[in-house]
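**Student:** So here's final_30.cif, just mmCIF, C-alpha atoms:
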data_input
loop_
_atom_site.label_atom_id
_atom_site.label_comp_id
_atom_site.auth_asym_id
_atom_site.auth_seq_id
_atom_site.Cartn_x
_atom_site.Cartn_y
_atom_site.Cartn_z
CA MET I 1 135.49 113.74 224.79
CA ASP I 2 132.02 115.17 225.49
CA ILE I 3 129.26 113.62 223.38
CA PRO I 4 125.62 114.74 223.01
CA GLU I 5 123.27 113.55 225.74
CA ILE I 6 119.53 112.85 225.85
CA ASN I 7 117.20 111.81 228.67
CA VAL I 8 114.69 109.13 227.69
CA GLY I 9 111.66 107.95 229.67
CA ILE I 10 110.38 104.37 229.50
CA VAL I 11 106.61 104.49 229.92
CA GLY I 12 103.58 102.25 229.45
CA HIS I 13 101.04 100.02 231.17
CA ILE I 14 102.04 97.79 234.09
CA ASP I 15 103.44 94.36 233.09
CA HIS I 16 104.04 95.33 229.47
CA GLY I 17 107.75 94.69 230.00
CA LYS I 18 109.30 98.14 230.47
CA THR I 19 111.92 97.30 233.08
CA THR I 20 112.94 94.00 231.45
CA PHE I 21 113.23 95.71 228.06
CA LEU I 22 115.43 98.41 229.56
CA SER I 23 117.67 95.82 231.22
CA LYS I 24 118.22 94.11 227.83
CA LEU I 25 118.85 97.45 226.14
CA THR I 26 121.41 98.70 228.67
CA GLY I 27 122.57 95.58 230.49
CA LYS I 28 121.41 97.14 233.80
CA PHE I 29 118.36 96.52 235.97
CA THR I 30 116.65 99.67 237.32
CA ASP I 31 114.40 98.18 240.03
CA THR I 32 116.63 98.54 243.09
CA HIS I 33 114.15 99.08 245.93
CA SER I 34 113.37 95.89 247.85
CA GLU I 35 109.61 96.46 247.65
CA GLU I 36 109.86 96.85 243.87
CA LEU I 37 111.78 93.60 243.51
CA LYS I 38 109.34 91.78 245.80
CA ARG I 39 106.21 92.97 243.97
CA GLY I 40 107.69 92.94 240.46
CA ILE I 41 106.60 96.47 239.60
CA THR I 42 108.41 99.80 239.42
CA ILE I 43 107.33 102.06 242.29
CA LYS I 44 109.88 104.87 242.18
CA LEU I 45 111.71 106.30 239.22
CA GLY I 46 114.54 104.01 238.18
CA TYR I 47 117.72 105.25 236.52
CA THR I 48 120.28 103.72 234.21
CA GLU I 49 122.35 104.88 231.28
CA MET I 50 124.22 103.71 228.21
CA THR I 51 126.46 104.98 225.44
CA ILE I 52 125.46 104.54 221.81
CA TYR I 53 128.44 103.81 219.55
CA LYS I 54 128.57 104.56 215.84
CA CYS I 55 130.40 101.65 214.18
CA SER I 56 131.23 100.81 210.59
CA ASP I 57 128.27 98.40 210.54
CA GLY I 58 125.76 100.72 212.23
CA PHE I 59 124.79 101.88 215.71
CA SER I 60 125.36 99.68 218.74
CA ASN I 61 125.12 99.69 222.54
CA LYS I 62 128.54 98.01 222.68
CA ASN I 63 132.00 99.06 221.56
CA SER I 64 132.55 96.10 219.25
CA GLY I 65 135.87 97.40 217.95
CA LYS I 66 134.58 97.67 214.35
CA ASP I 67 135.70 101.27 213.88
CA CYS I 68 133.40 102.28 216.76
CA ALA I 69 133.29 105.72 218.33
CA PRO I 70 131.05 107.08 221.14
CA TYR I 71 128.11 108.81 219.43
CA ARG I 72 125.53 109.64 222.10
CA TYR I 73 125.05 109.26 225.87
CA VAL I 74 121.54 108.21 226.91
CA SER I 75 120.14 108.51 230.44
CA PHE I 76 117.01 106.42 231.00
CA ILE I 77 114.24 107.08 233.51
CA ASP I 78 112.03 104.03 234.10
CA ALA I 79 108.61 105.34 235.14
CA PRO I 80 106.01 103.23 236.97
CA GLY I 81 103.04 101.90 235.00
CA HIS I 82 100.65 101.09 237.82
CA GLU I 83 97.55 103.29 237.88
CA MET I 84 98.08 104.31 241.51
CA LEU I 85 101.58 105.58 240.66
CA MET I 86 100.58 108.06 237.96
CA ALA I 87 101.97 110.94 240.02
CA THR I 88 105.45 109.41 239.92
CA MET I 89 105.18 108.89 236.17
CA LEU I 90 104.30 112.58 235.74
CA SER I 91 107.41 113.47 237.74
CA GLY I 92 109.48 111.43 235.30
CA ALA I 93 107.89 113.15 232.32
CA ALA I 94 109.12 116.50 233.63
CA ILE I 95 112.76 115.61 233.02
CA ILE I 96 112.83 113.75 229.69
CA ASP I 97 113.61 114.78 226.09
CA ALA I 98 112.14 111.68 224.46
CA ALA I 99 110.11 108.63 225.45
CA ILE I 100 109.88 104.96 224.59
CA LEU I 101 106.24 103.88 224.93
CA ILE I 102 105.96 100.12 225.52
CA VAL I 103 102.81 98.34 224.28
CA ALA I 104 102.55 94.56 224.72
CA ALA I 105 101.35 92.89 221.49
CA ASN I 106 99.33 90.33 223.46
CA GLU I 107 97.39 93.00 225.39
CA GLY I 108 97.35 96.09 223.17
CA ILE I 109 96.41 99.64 224.20
CA LYS I 110 95.29 99.62 227.85
CA PRO I 111 93.80 102.46 229.96
CA GLN I 112 97.18 103.33 231.52
CA THR I 113 98.83 103.27 228.07
CA LYS I 114 96.44 106.05 227.08
CA GLU I 115 97.02 107.93 230.33
CA HIS I 116 100.81 107.77 229.99
CA PHE I 117 100.53 108.97 226.40
CA MET I 118 98.44 111.94 227.54
CA ALA I 119 101.01 112.68 230.28
CA LEU I 120 103.74 112.89 227.63
CA GLN I 121 101.56 115.34 225.73
CA ALA I 122 100.91 117.34 228.92
CA LYS I 123 104.65 117.62 229.59
CA LYS I 124 105.35 118.47 225.91
CA VAL I 125 107.54 115.44 225.20
CA LYS I 126 107.58 115.47 221.40
CA ASN I 127 109.94 112.61 220.48
CA ILE I 128 108.31 109.19 220.92
CA ILE I 129 109.49 105.70 219.93
CA ILE I 130 106.78 103.02 220.23
CA VAL I 131 107.95 99.51 221.09
CA GLN I 132 105.42 96.78 220.25
CA ASN I 133 106.75 94.32 222.81
CA LYS I 134 106.22 90.57 223.37
CA ILE I 135 105.70 89.71 219.67
CA ASP I 136 107.05 86.24 220.48
CA LEU I 137 103.83 85.57 222.44
CA VAL I 138 101.41 86.18 219.54
CA SER I 139 100.73 84.89 216.04
CA LYS I 140 101.66 86.85 212.92
CA GLU I 141 98.00 87.80 212.45
CA LYS I 142 97.66 89.02 216.05
CA ALA I 143 100.92 91.02 215.74
CA ILE I 144 99.58 92.79 212.61
CA GLU I 145 96.25 93.45 214.35
CA SER I 146 98.10 94.90 217.37
CA TYR I 147 100.25 97.08 215.09
CA LYS I 148 97.13 98.48 213.39
CA GLU I 149 95.57 99.21 216.80
CA ILE I 150 98.64 101.22 217.84
CA LYS I 151 98.72 103.04 214.49
CA ASN I 152 95.04 103.93 214.81
CA PHE I 153 95.52 105.15 218.39
CA MET I 154 98.32 107.50 217.28
CA LYS I 155 96.33 108.89 214.33
CA ASP I 156 95.79 112.67 214.44
CA THR I 157 98.10 113.06 217.47
CA PHE I 158 101.58 114.59 217.81
CA ALA I 159 102.98 111.02 217.59
CA GLU I 160 101.17 110.06 214.36
CA ASN I 161 104.43 109.53 212.47
CA SER I 162 106.43 108.03 215.35
CA PRO I 163 108.18 104.74 214.59
CA ILE I 164 106.52 101.51 215.81
CA ILE I 165 109.10 98.75 216.31
CA PRO I 166 108.03 95.12 216.87
CA VAL I 167 110.28 93.69 219.61
CA SER I 168 110.79 90.47 221.52
CA THR I 169 112.66 91.48 224.65
CA LEU I 170 113.37 87.93 225.83
CA GLN I 171 114.60 86.83 222.38
CA GLU I 172 116.42 90.18 221.94
CA ILE I 173 114.82 90.72 218.53
CA ASN I 174 114.89 94.25 217.04
CA ILE I 175 116.47 95.88 220.10
CA ASN I 176 119.14 97.15 217.66
CA LYS I 177 116.34 98.94 215.75
CA VAL I 178 115.41 100.82 218.93
CA ILE I 179 119.07 101.87 219.34
CA GLU I 180 119.02 103.19 215.75
CA GLU I 181 115.93 105.29 216.53
CA LEU I 182 117.50 106.63 219.73
CA ALA I 183 120.48 107.73 217.64
CA LYS I 184 118.07 109.80 215.48
CA VAL I 185 116.39 111.73 218.33
CA PRO I 186 117.07 115.44 217.71
CA ILE I 187 119.40 117.06 220.24
CA SER I 188 117.63 120.12 221.61
CA LYS I 189 119.70 123.22 222.26
CA LYS I 190 120.28 123.55 225.99
CA GLU I 191 120.48 126.86 227.88
CA GLU I 192 124.11 126.80 229.03
CA ASN I 193 124.43 130.43 230.07
CA SER I 194 121.34 130.80 232.25
CA ILE I 195 121.08 130.40 236.02
CA PRO I 196 121.14 126.63 236.69
CA ILE I 197 117.96 124.72 237.49
CA PHE I 198 118.40 121.18 238.81
CA LEU I 199 115.30 119.00 239.33
CA VAL I 200 115.68 116.60 242.26
CA ALA I 201 114.12 113.23 241.39
CA ARG I 202 115.82 111.15 244.13
CA SER I 203 117.73 111.93 247.32
CA PHE I 204 119.58 109.39 249.43
CA ASP I 205 122.37 108.43 251.83
CA ILE I 206 125.11 106.28 250.29
CA ASN I 207 126.94 105.55 253.56
CA LEU I 208 126.90 101.94 254.72
CA PRO I 209 126.09 101.16 258.37
CA GLY I 210 129.26 101.27 260.45
CA THR I 211 131.12 103.74 258.21
CA ARG I 212 133.71 105.68 260.21
CA ILE I 213 132.94 109.39 260.70
CA GLU I 214 135.99 110.53 258.74
CA ASN I 215 134.86 108.43 255.76
CA LEU I 216 131.24 109.60 255.67
CA LYS I 217 129.93 111.05 252.40
CA GLY I 218 127.55 114.01 252.32
CA GLY I 219 123.88 113.74 251.33
CA ILE I 220 123.24 112.88 247.66
CA LEU I 221 120.79 114.52 245.24
CA GLY I 222 119.96 112.75 241.97
CA GLY I 223 118.15 114.20 238.97
CA ILE I 224 118.43 116.29 235.82
CA LEU I 225 120.19 119.61 235.27
CA LYS I 226 117.50 121.31 233.19
CA LYS I 227 119.55 124.38 232.26
CA GLY I 228 122.71 126.24 233.20
CA LYS I 229 125.88 124.65 234.60
CA LEU I 230 126.90 123.39 238.02
CA LYS I 231 130.45 122.77 239.16
CA VAL I 232 132.24 121.34 242.18
CA GLY I 233 132.57 124.02 244.86
CA ASP I 234 129.37 125.91 243.92
CA GLU I 235 127.22 127.14 246.81
CA ILE I 236 123.65 126.07 246.14
CA GLU I 237 120.19 126.42 247.62
CA ILE I 238 117.45 123.78 247.77
CA LYS I 239 113.77 124.78 247.76
CA PRO I 240 111.17 124.20 249.15
CA GLY I 241 113.76 122.39 251.27
CA LEU I 242 113.31 120.65 254.60
CA SER I 243 109.79 120.00 255.90
CA MET I 244 109.37 120.34 259.67
CA LYS I 245 106.66 120.85 262.28
CA LYS I 246 106.57 124.10 264.27
CA ALA I 247 103.71 124.99 266.61
CA ASN I 248 101.57 122.25 265.00
CA GLN I 249 102.19 123.74 261.57
CA GLU I 250 104.26 122.29 258.75
CA ILE I 251 106.88 124.75 257.55
CA TYR I 252 109.64 124.51 254.96
CA GLN I 253 113.22 125.62 255.48
CA THR I 254 115.38 126.47 252.47
CA LEU I 255 118.65 124.53 252.63
CA THR I 256 121.98 125.94 251.54
CA THR I 257 124.98 123.73 250.96
CA LYS I 258 128.09 123.20 248.85
CA ILE I 259 128.73 120.80 245.97
CA LEU I 260 131.48 118.42 247.09
CA SER I 261 131.46 116.20 243.99
CA LEU I 262 129.48 115.50 240.81
CA GLN I 263 128.91 112.12 239.23
CA LYS I 264 127.52 111.26 235.79
CA GLY I 265 126.94 107.53 235.43
CA ASN I 266 130.05 105.90 236.87
CA LYS I 267 132.27 108.89 236.12
CA GLN I 268 133.32 111.75 238.40
CA ILE I 269 133.06 115.14 236.68
CA SER I 270 134.09 118.65 237.71
CA GLU I 271 131.30 120.48 235.84
CA ALA I 272 127.82 119.39 234.75
CA MET I 273 126.29 120.66 231.53
CA PRO I 274 122.54 121.21 230.95
CA GLY I 275 120.57 118.09 230.07
CA SER I 276 122.81 115.87 232.21
CA SER I 277 121.44 113.20 234.51
CA ILE I 278 123.76 113.53 237.51
CA SER I 279 124.25 112.86 241.20
CA ILE I 280 125.38 115.72 243.44
CA GLU I 281 127.27 115.01 246.65
CA THR I 282 126.53 117.89 249.03
CA SER I 283 127.93 118.92 252.39
CA LEU I 284 124.49 118.23 253.93
CA ASP I 285 124.11 115.73 256.74
CA PRO I 286 123.07 112.53 254.88
CA PHE I 287 120.18 112.18 257.36
CA LEU I 288 118.50 115.10 255.52
CA THR I 289 118.64 113.39 252.11
CA LYS I 290 117.90 109.78 253.01
CA ALA I 291 114.76 107.99 251.79
CA ASP I 292 113.98 110.63 249.12
CA HIS I 293 113.31 113.35 251.73
CA LEU I 294 114.26 116.10 249.24
CA THR I 295 112.68 114.60 246.12
CA GLY I 296 110.68 117.23 244.25
CA CYS I 297 112.91 120.16 245.25
CA LEU I 298 114.60 122.61 242.91
CA VAL I 299 118.30 123.42 243.18
CA SER I 300 120.10 126.53 241.94
CA LEU I 301 122.95 128.80 242.91
CA LYS I 302 122.50 130.47 246.29
CA ASN I 303 119.93 133.32 246.31
CA SER I 304 118.75 132.58 242.74
CA LEU I 305 115.38 130.84 243.13
CA PRO I 306 112.05 132.61 243.68
CA GLU I 307 110.36 132.29 247.07
CA ILE I 308 108.36 129.14 247.71
CA SER I 309 104.65 129.61 247.15
CA TYR I 310 101.46 128.16 248.60
CA LYS I 311 99.56 129.56 245.61
CA ILE I 312 99.87 128.96 241.89
CA LYS I 313 98.23 130.57 238.86
CA LEU I 314 97.75 128.47 235.71
CA LYS I 315 96.36 128.80 232.18
CA PRO I 316 94.89 125.29 231.81
CA GLU I 317 94.41 123.16 228.69
CA ILE I 318 91.91 120.41 229.46
CA PHE I 319 91.59 117.13 227.52
CA ASN I 320 88.23 116.37 225.91
CA GLN I 321 88.07 112.97 227.60
CA VAL I 322 89.34 111.41 230.81
CA THR I 323 91.72 108.52 230.14
CA GLY I 324 92.88 105.72 232.43
CA THR I 325 89.33 104.60 233.32
CA SER I 326 87.70 101.49 231.85
CA GLU I 327 85.02 103.70 230.28
CA GLU I 328 86.19 107.01 228.84
CA GLN I 329 84.08 109.99 229.78
CA LYS I 330 83.92 113.65 228.83
CA THR I 331 86.05 115.91 231.03
CA ALA I 332 83.95 118.30 233.10
CA GLU I 333 85.04 121.91 233.47
CA ILE I 334 87.20 122.89 236.44
CA LYS I 335 85.03 124.23 239.25
CA ASN I 336 85.62 126.59 242.16
CA THR I 337 86.64 124.91 245.45
CA GLU I 338 87.40 121.56 243.79
CA MET I 339 90.56 119.68 244.70
CA LEU I 340 93.13 118.94 241.97
CA MET I 341 96.49 117.17 242.01
CA LEU I 342 99.32 119.06 240.32
CA SER I 343 102.60 117.70 239.00
CA VAL I 344 105.07 120.61 239.20
CA ASN I 345 108.52 119.67 237.88
CA THR I 346 109.37 116.60 239.98
CA THR I 347 107.03 117.29 242.89
CA ILE I 348 103.39 116.46 243.48
CA THR I 349 101.04 118.72 245.40
CA VAL I 350 97.30 119.08 245.90
CA GLY I 351 95.52 122.39 245.39
CA ILE I 352 92.07 123.88 245.97
CA VAL I 353 90.70 126.05 243.17
CA GLU I 354 90.14 129.52 244.65
CA LYS I 355 89.59 131.70 241.58
CA ILE I 356 88.52 131.12 237.98
CA ASN I 357 88.82 133.98 235.49
CA LYS I 358 86.07 133.27 232.96
CA LYS I 359 87.47 135.80 230.49
CA THR I 360 91.09 134.53 230.37
CA GLY I 361 90.47 130.95 231.49
CA GLU I 362 93.16 131.31 234.18
CA ILE I 363 92.76 129.54 237.51
CA GLU I 364 94.38 130.18 240.89
CA LEU I 365 94.88 127.44 243.46
CA SER I 366 95.99 127.33 247.11
CA LEU I 367 98.43 124.47 247.70
CA LYS I 368 98.82 121.96 250.50
CA ILE I 369 102.53 121.45 249.76
CA PRO I 370 104.39 124.58 248.57
CA VAL I 371 106.25 124.64 245.26
CA VAL I 372 108.72 126.81 243.41
CA PRO I 373 106.69 127.55 240.26
CA LEU I 374 108.69 128.97 237.35
CA GLU I 375 106.92 131.11 234.79
CA GLY I 376 106.20 129.26 231.53
CA ASP I 377 106.65 125.76 233.01
CA ASN I 378 104.06 123.07 232.31
CA VAL I 379 102.10 121.52 235.18
CA GLY I 380 100.14 118.25 234.93
CA ILE I 381 96.57 118.50 236.28
CA ALA I 382 94.73 115.45 237.67
CA ARG I 383 91.27 114.98 239.17
CA ASN I 384 90.07 112.32 241.60
CA PHE I 385 87.70 109.76 240.09
CA GLN I 386 86.42 107.10 242.50
CA GLY I 387 89.60 107.16 244.57
CA HIS I 388 92.03 107.35 241.62
CA TRP I 389 93.83 110.44 240.34
CA ARG I 390 93.29 110.77 236.59
CA LEU I 391 95.11 113.19 234.31
CA ILE I 392 92.68 115.71 232.82
CA GLY I 393 95.10 118.18 231.20
CA TRP I 394 97.94 120.56 231.88
CA GLY I 395 98.48 124.21 232.66
CA GLU I 396 101.13 126.83 231.98
CA VAL I 397 102.47 128.66 235.04
CA ILE I 398 101.82 132.38 234.79
CA GLY I 399 102.79 135.24 237.08
CA GLU I 400 105.92 136.80 238.56
CA THR I 401 107.89 133.63 239.26
CA LYS I 402 111.06 134.27 237.28
CA ILE I 403 114.56 133.16 238.32
CA ASN I 404 116.69 135.87 239.89
CA ASN I 405 119.25 136.48 237.17
CA LYS I 406 121.94 138.40 239.03
#
Step by step, read the file and then write its structure as C-alpha cells.
**Tutor:**
Amino acid sequence: MDIPEINVGIVGHIDHGKTTFLSKLTGKFTDTHSEELKRGITIKLGYTEMTIYKCSDGFSNKNSGKDCAPYRYVSFIDAPGHEMLMATMLSGAAIIDAAILIVAANEGIKPQTKEHFMALQAKKVKNIIIVQNKIDLVSKEKAIESYKEIKNFMKDTFAENSPIIPVSTLQEININKVIEELAKVPISKKEENSIPIFLVARSFDINLPGTRIENLKGGILGGILKKGKLKVGDEIEIKPGLSMKKANQEIYQTLTTKILSLQKGNKQISEAMPGSSISIETSLDPFLTKADHLTGCLVSLKNSLPEISYKIKLKPEIFNQVTGTSEEQKTAEIKNTEMLMLSVNTTITVGIVEKINKKTGEIELSLKIPVVPLEGDNVGIARNFQGHWRLIGWGEVIGETKINNK
C-alpha cells in the first residue's frame, strides 16, 4: 500500500546534536563517510528514512501491534552545520518539504542557526519544527530562558507559530512529540503528470572490490524526484553531466543511460512517484558515478531538459542583514563584476555579475560551473566575507529555461 511521503531536513549549528537526534528518531546513523566519523561532524548530506505508524494510542516510529497501520513515510536529509559547509546545507534545502531545526538549550541561537534558518527561507521551506535539544544539560530556569530566546528569534518570521519541542536526545524524552508533529506536516500536491525532474544529491559505486564482471551493478544516483514519474526501463539524460578537459578547457558532456532498477529505502520499486527519495541504478559505468562525481546534476527523460548554461538571470531578494558572522551587518547592494556563490537545485557554482537592470532589479551572471536553470526555481545567493561564504538572499530564475514538454 502506498502511503504519503515527505522529505525532511535536519538543520542547525554544529554540535547541537542533529545526527544523534536523527539516529534516536529513526534507529539509523547517517554519518557514513570515514572522514565524518573521524571528525564527528556531518560533511556531506546524510540520508535515512522511517515509517510513522498510526496506532490506537497515538503516532509511533514502531509497529507496536496496538492496532497500528502505516501512516506516513519520511525521508530525512541530515545537512551539515559547520560554517564552511553552508553550500552543502543549501543543496539539502533544495529537496525538502519540511525541516527540523535543532537548537541546543545550553548554547541557544548561534550564528549558523540564524544562517540555516535564512537558508530555509531562501529555499521557501515553510514547515518548520524546532527541537530545543539537550534540556537534560540545563536547569529549569535556563531551559525556560532558552525557550524564550527561540520564541523571540522566530517572532515576525514565517516560523513564528512553529512548534518548539524541548527534547533530551540521550534520555529519549519527547522524541514521540516530534513524531506527532511530523505526522501533522501538510502533504503538498505533487506534479505527477509533468516531465520528471530528479535532483542528484549523491552518486556512487556500490560494487565491492573483487566483484566479478558478470555481477557488477551499474552506477547509482541518489536524490529526490521533484516532479513527474520515473520507471524501470526509462531512457534518461543527465545534465550538466560529465566534466572533462579538452584542449585545456573544461567541458561538460550530457550523459544518456537507462534505468535498470529503482530503490526506495530498502525496497525495490518499479515506478517512483514525485516527492520520493530514491536511488537509481543506471547502465552507466560505475566509474562515472563514484565519489559523488555527478552530484548536482538534473535527470529527466531523454531530450527533455534545457541546454546547460554558463549564464543565469535572477530576480534577487536580498536580506537586510548578513547572518552567520559574529557581528551582524547590513547587506550591501549587489555590484557589477562582484563574485557570488549560487546554490542551484543541488549544485553549487560561482558567478560574476555582468549586468544589473536598475529598473527591474534583475541581475545576470556568468558562471564558472554550468547549470541547468529552470524558470521559476529559487537560487540561494551567498557573498564572501573574510574567506567565508555567507548567505545574503535568494533569487528567482527568469528567462527561457522551461522543460521541453513533448
**Student:** Given all atoms listed in the file as the basis, pick out the residue of I:Trp394, I:Trp389, I:Tyr53, I:Phe21 nearest to Glu180 of chain I.
**Tutor:**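 Ranking I:Trp394, I:Trp389, I:Tyr53, I:Phe21 by distance to Glu180 of chain I, first place goes to I:Tyr53.
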**Student:** Please list as an MDAnalysis selection string every residue within 12 Å of Arg72 of chain I, counting all atoms listed in the file and excluding residues in the same chain fewer than 4 positions away.
**Tutor:** chainID I and resid 1:7 49:54 59:61 179:187
**Student:** Kindly provide, as a PyMOL selection string, the polymer residues lying within 7 Å of (99.5, 117.8, 236.6), counting all atoms listed in the file and using the coordinates exactly as they appear in the file.
**Tutor:** chain I and resi 341-344+379-382+391+393-394
**Student:** Quick one: contact table of segment 185-214 of chain I to segment 225-240 of chain I, 8 Å max, nearest atom pair and distance in Å to one decimal per residue, counting all atoms listed in the file, chain and number order, as a tab-separated table?
**Tutor:**
residue	atom	partner	partner_atom	distance
I:Lys190	CA	I:Lys227	CA	6.4
I:Glu191	CA	I:Lys227	CA	5.1
I:Glu192	CA	I:Gly228	CA	4.4
I:Asn193	CA	I:Gly228	CA	5.5
I:Ser194	CA	I:Gly228	CA	4.9
I:Ile195	CA	I:Gly228	CA	5.3
I:Pro196	CA	I:Gly228	CA	3.8
I:Ile197	CA	I:Lys227	CA	5.5
I:Phe198	CA	I:Leu225	CA	4.3
I:Leu199	CA	I:Leu225	CA	6.4
**Student:** Please, could you write that set of residues out with C-alpha atoms as an mmCIF file, keeping the file's coordinate frame?
**Tutor:**
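Output below, filename part-v9.cif:
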data_model
loop_
_atom_site.group_PDB
_atom_site.id
_atom_site.type_symbol
_atom_site.label_atom_id
_atom_site.label_comp_id
_atom_site.auth_asym_id
_atom_site.auth_seq_id
_atom_site.Cartn_x
_atom_site.Cartn_y
_atom_site.Cartn_z
ATOM 1 C CA LYS I 190 120.280 123.550 225.990
ATOM 2 C CA GLU I 191 120.480 126.860 227.880
ATOM 3 C CA GLU I 192 124.110 126.800 229.030
ATOM 4 C CA ASN I 193 124.430 130.430 230.070
ATOM 5 C CA SER I 194 121.340 130.800 232.250
ATOM 6 C CA ILE I 195 121.080 130.400 236.020
ATOM 7 C CA PRO I 196 121.140 126.630 236.690
ATOM 8 C CA ILE I 197 117.960 124.720 237.490
ATOM 9 C CA PHE I 198 118.400 121.180 238.810
ATOM 10 C CA LEU I 199 115.300 119.000 239.330
#
**Student:** I would like the residues chosen by the PyMOL selection byres ((chain I and resi 356-371) around 6) on the shown file; could you give them as a PyMOL selection string?
**Tutor:** chain I and resi 308-315+349-355+372-373
**Student:** Would you kindly translate the PyMOL selection byres ((chain I and resi 277) around 12) into the concrete residues it picks from this file, as a compact mmCIF listing (two decimals) with C-alpha atoms, keeping the file's coordinate frame?
**Tutor:**
# COMPACT_ATOMS: atom_id res chain seq x y z
CA GLU I 5 123.27 113.55 225.74
CA ILE I 6 119.53 112.85 225.85
CA ASN I 7 117.20 111.81 228.67
CA VAL I 8 114.69 109.13 227.69
CA TYR I 47 117.72 105.25 236.52
CA THR I 48 120.28 103.72 234.21
CA GLU I 49 122.35 104.88 231.28
CA MET I 50 124.22 103.71 228.21
CA TYR I 73 125.05 109.26 225.87
CA VAL I 74 121.54 108.21 226.91
CA SER I 75 120.14 108.51 230.44
CA PHE I 76 117.01 106.42 231.00
CA ILE I 77 114.24 107.08 233.51
CA ILE I 95 112.76 115.61 233.02
CA ILE I 96 112.83 113.75 229.69
CA ASP I 97 113.61 114.78 226.09
CA PHE I 198 118.40 121.18 238.81
CA LEU I 199 115.30 119.00 239.33
CA VAL I 200 115.68 116.60 242.26
CA ALA I 201 114.12 113.23 241.39
CA ARG I 202 115.82 111.15 244.13
CA LEU I 221 120.79 114.52 245.24
CA GLY I 222 119.96 112.75 241.97
CA GLY I 223 118.15 114.20 238.97
CA ILE I 224 118.43 116.29 235.82
CA LEU I 225 120.19 119.61 235.27
CA LYS I 226 117.50 121.31 233.19
CA LYS I 227 119.55 124.38 232.26
CA LEU I 262 129.48 115.50 240.81
CA GLN I 263 128.91 112.12 239.23
CA LYS I 264 127.52 111.26 235.79
CA GLY I 265 126.94 107.53 235.43
CA ASN I 266 130.05 105.90 236.87
CA LYS I 267 132.27 108.89 236.12
CA ILE I 269 133.06 115.14 236.68
CA ALA I 272 127.82 119.39 234.75
CA MET I 273 126.29 120.66 231.53
CA PRO I 274 122.54 121.21 230.95
CA GLY I 275 120.57 118.09 230.07
CA SER I 276 122.81 115.87 232.21
CA ILE I 278 123.76 113.53 237.51
CA SER I 279 124.25 112.86 241.20
CA ILE I 280 125.38 115.72 243.44
**Student:** So, with only C-alpha atoms as the atoms that count, which of I:Leu301, I:Ile220, I:Val11, I:Ile392 lies closest to Ser261 of chain I?
**Tutor:**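 Checking each of I:Leu301, I:Ile220, I:Val11, I:Ile392 against Ser261 of chain I, counting only C-alpha atoms, the winner is I:Ile220.
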**Student:** Do a neighbour search on segment 204-218 of chain I at 10 Å with only C-alpha atoms, toss out local chain neighbours closer than 3 positions, and write the hits as a list in words.
**Tutor:**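 Close residues of segment 204-218 of chain I: Leu221, Gly222, Lys258, Ile259, Leu260, Ser261, Ile280, Glu281, Thr282, Ser283, Leu284, Asp285, Pro286, Phe287, Leu288, Thr289, Lys290, Ala291, Asp292, His293, Leu294 and Thr295 of chain I.
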**Student:** Give me, please, the distance in Å between atom CA of Asp156 of chain I and atom CA of Ser188 of chain I, quoted to one decimal.
**Tutor:**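 Pair atom CA of Asp156 of chain I / atom CA of Ser188 of chain I returns 24.2 Å.
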**Student:** Using all atoms listed in the file, which protein or nucleic acid residues come within 12 Å of segment 174-178 of chain I? Drop anything in the same chain fewer than 3 positions from it, and give the result as a count of residues only.
**Tutor:** 41
**Student:** Show me the residues around (115.2, 122.6, 259.2) - criterion: an atom at most 7 Å away, all atoms listed in the file counted - as a PyMOL selection string.
**Tutor:** chain I and resi 242-244+253
**Student:** Just so the selection is clear, what residues does the PyMOL selection byres ((chain I and resi 146) around 12) cover here, as a CSV table (one decimal) with C-alpha atoms, keeping the file's coordinate frame?
**Tutor:**
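What landed in expr-v9.csv:
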chain,number,residue,atom,x,y,z
I,103,VAL,CA,102.8,98.3,224.3
I,104,ALA,CA,102.6,94.6,224.7
I,105,ALA,CA,101.4,92.9,221.5
I,106,ASN,CA,99.3,90.3,223.5
I,107,GLU,CA,97.4,93.0,225.4
I,108,GLY,CA,97.4,96.1,223.2
I,109,ILE,CA,96.4,99.6,224.2
I,110,LYS,CA,95.3,99.6,227.8
I,131,VAL,CA,108.0,99.5,221.1
I,132,GLN,CA,105.4,96.8,220.2
I,133,ASN,CA,106.8,94.3,222.8
I,134,LYS,CA,106.2,90.6,223.4
I,135,ILE,CA,105.7,89.7,219.7
I,138,VAL,CA,101.4,86.2,219.5
I,139,SER,CA,100.7,84.9,216.0
I,140,LYS,CA,101.7,86.8,212.9
I,141,GLU,CA,98.0,87.8,212.4
I,142,LYS,CA,97.7,89.0,216.0
I,143,ALA,CA,100.9,91.0,215.7
I,144,ILE,CA,99.6,92.8,212.6
I,145,GLU,CA,96.2,93.4,214.4
I,147,TYR,CA,100.2,97.1,215.1
I,148,LYS,CA,97.1,98.5,213.4
I,149,GLU,CA,95.6,99.2,216.8
I,150,ILE,CA,98.6,101.2,217.8
I,151,LYS,CA,98.7,103.0,214.5
I,152,ASN,CA,95.0,103.9,214.8
I,153,PHE,CA,95.5,105.2,218.4
I,164,ILE,CA,106.5,101.5,215.8
I,165,ILE,CA,109.1,98.8,216.3
I,166,PRO,CA,108.0,95.1,216.9
**Student:** Distance atom CA of Ile398 of chain I-atom CA of Val125 of chain I, one decimal place?
**Tutor:**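 Computing the Euclidean distance for atom CA of Ile398 of chain I and atom CA of Val125 of chain I yields 20.3 Å.
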**Student:** Between atom CA of Glu338 of chain I and atom CA of Arg383 of chain I, what is the distance, to one decimal in Å?
**Tutor:** 8.9 Å
**Student:** Please list as a list in words every residue within 10 Å of Ala332 of chain I, counting all atoms listed in the file and excluding residues in the same chain fewer than 3 positions away.
**Tutor:**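 What passes the distance filter is Ile318, Phe319, Asn320, Gln321, Val322, Gln329, Lys335 and Ile392 of chain I.
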**Student:** Mind writing the picked residues with C-alpha atoms as a CSV table (one decimal), keeping the file's coordinate frame?
**Tutor:**
chain,number,residue,atom,x,y,z
I,318,ILE,CA,91.9,120.4,229.5
I,319,PHE,CA,91.6,117.1,227.5
I,320,ASN,CA,88.2,116.4,225.9
I,321,GLN,CA,88.1,113.0,227.6
I,322,VAL,CA,89.3,111.4,230.8
I,329,GLN,CA,84.1,110.0,229.8
I,335,LYS,CA,85.0,124.2,239.2
I,392,ILE,CA,92.7,115.7,232.8
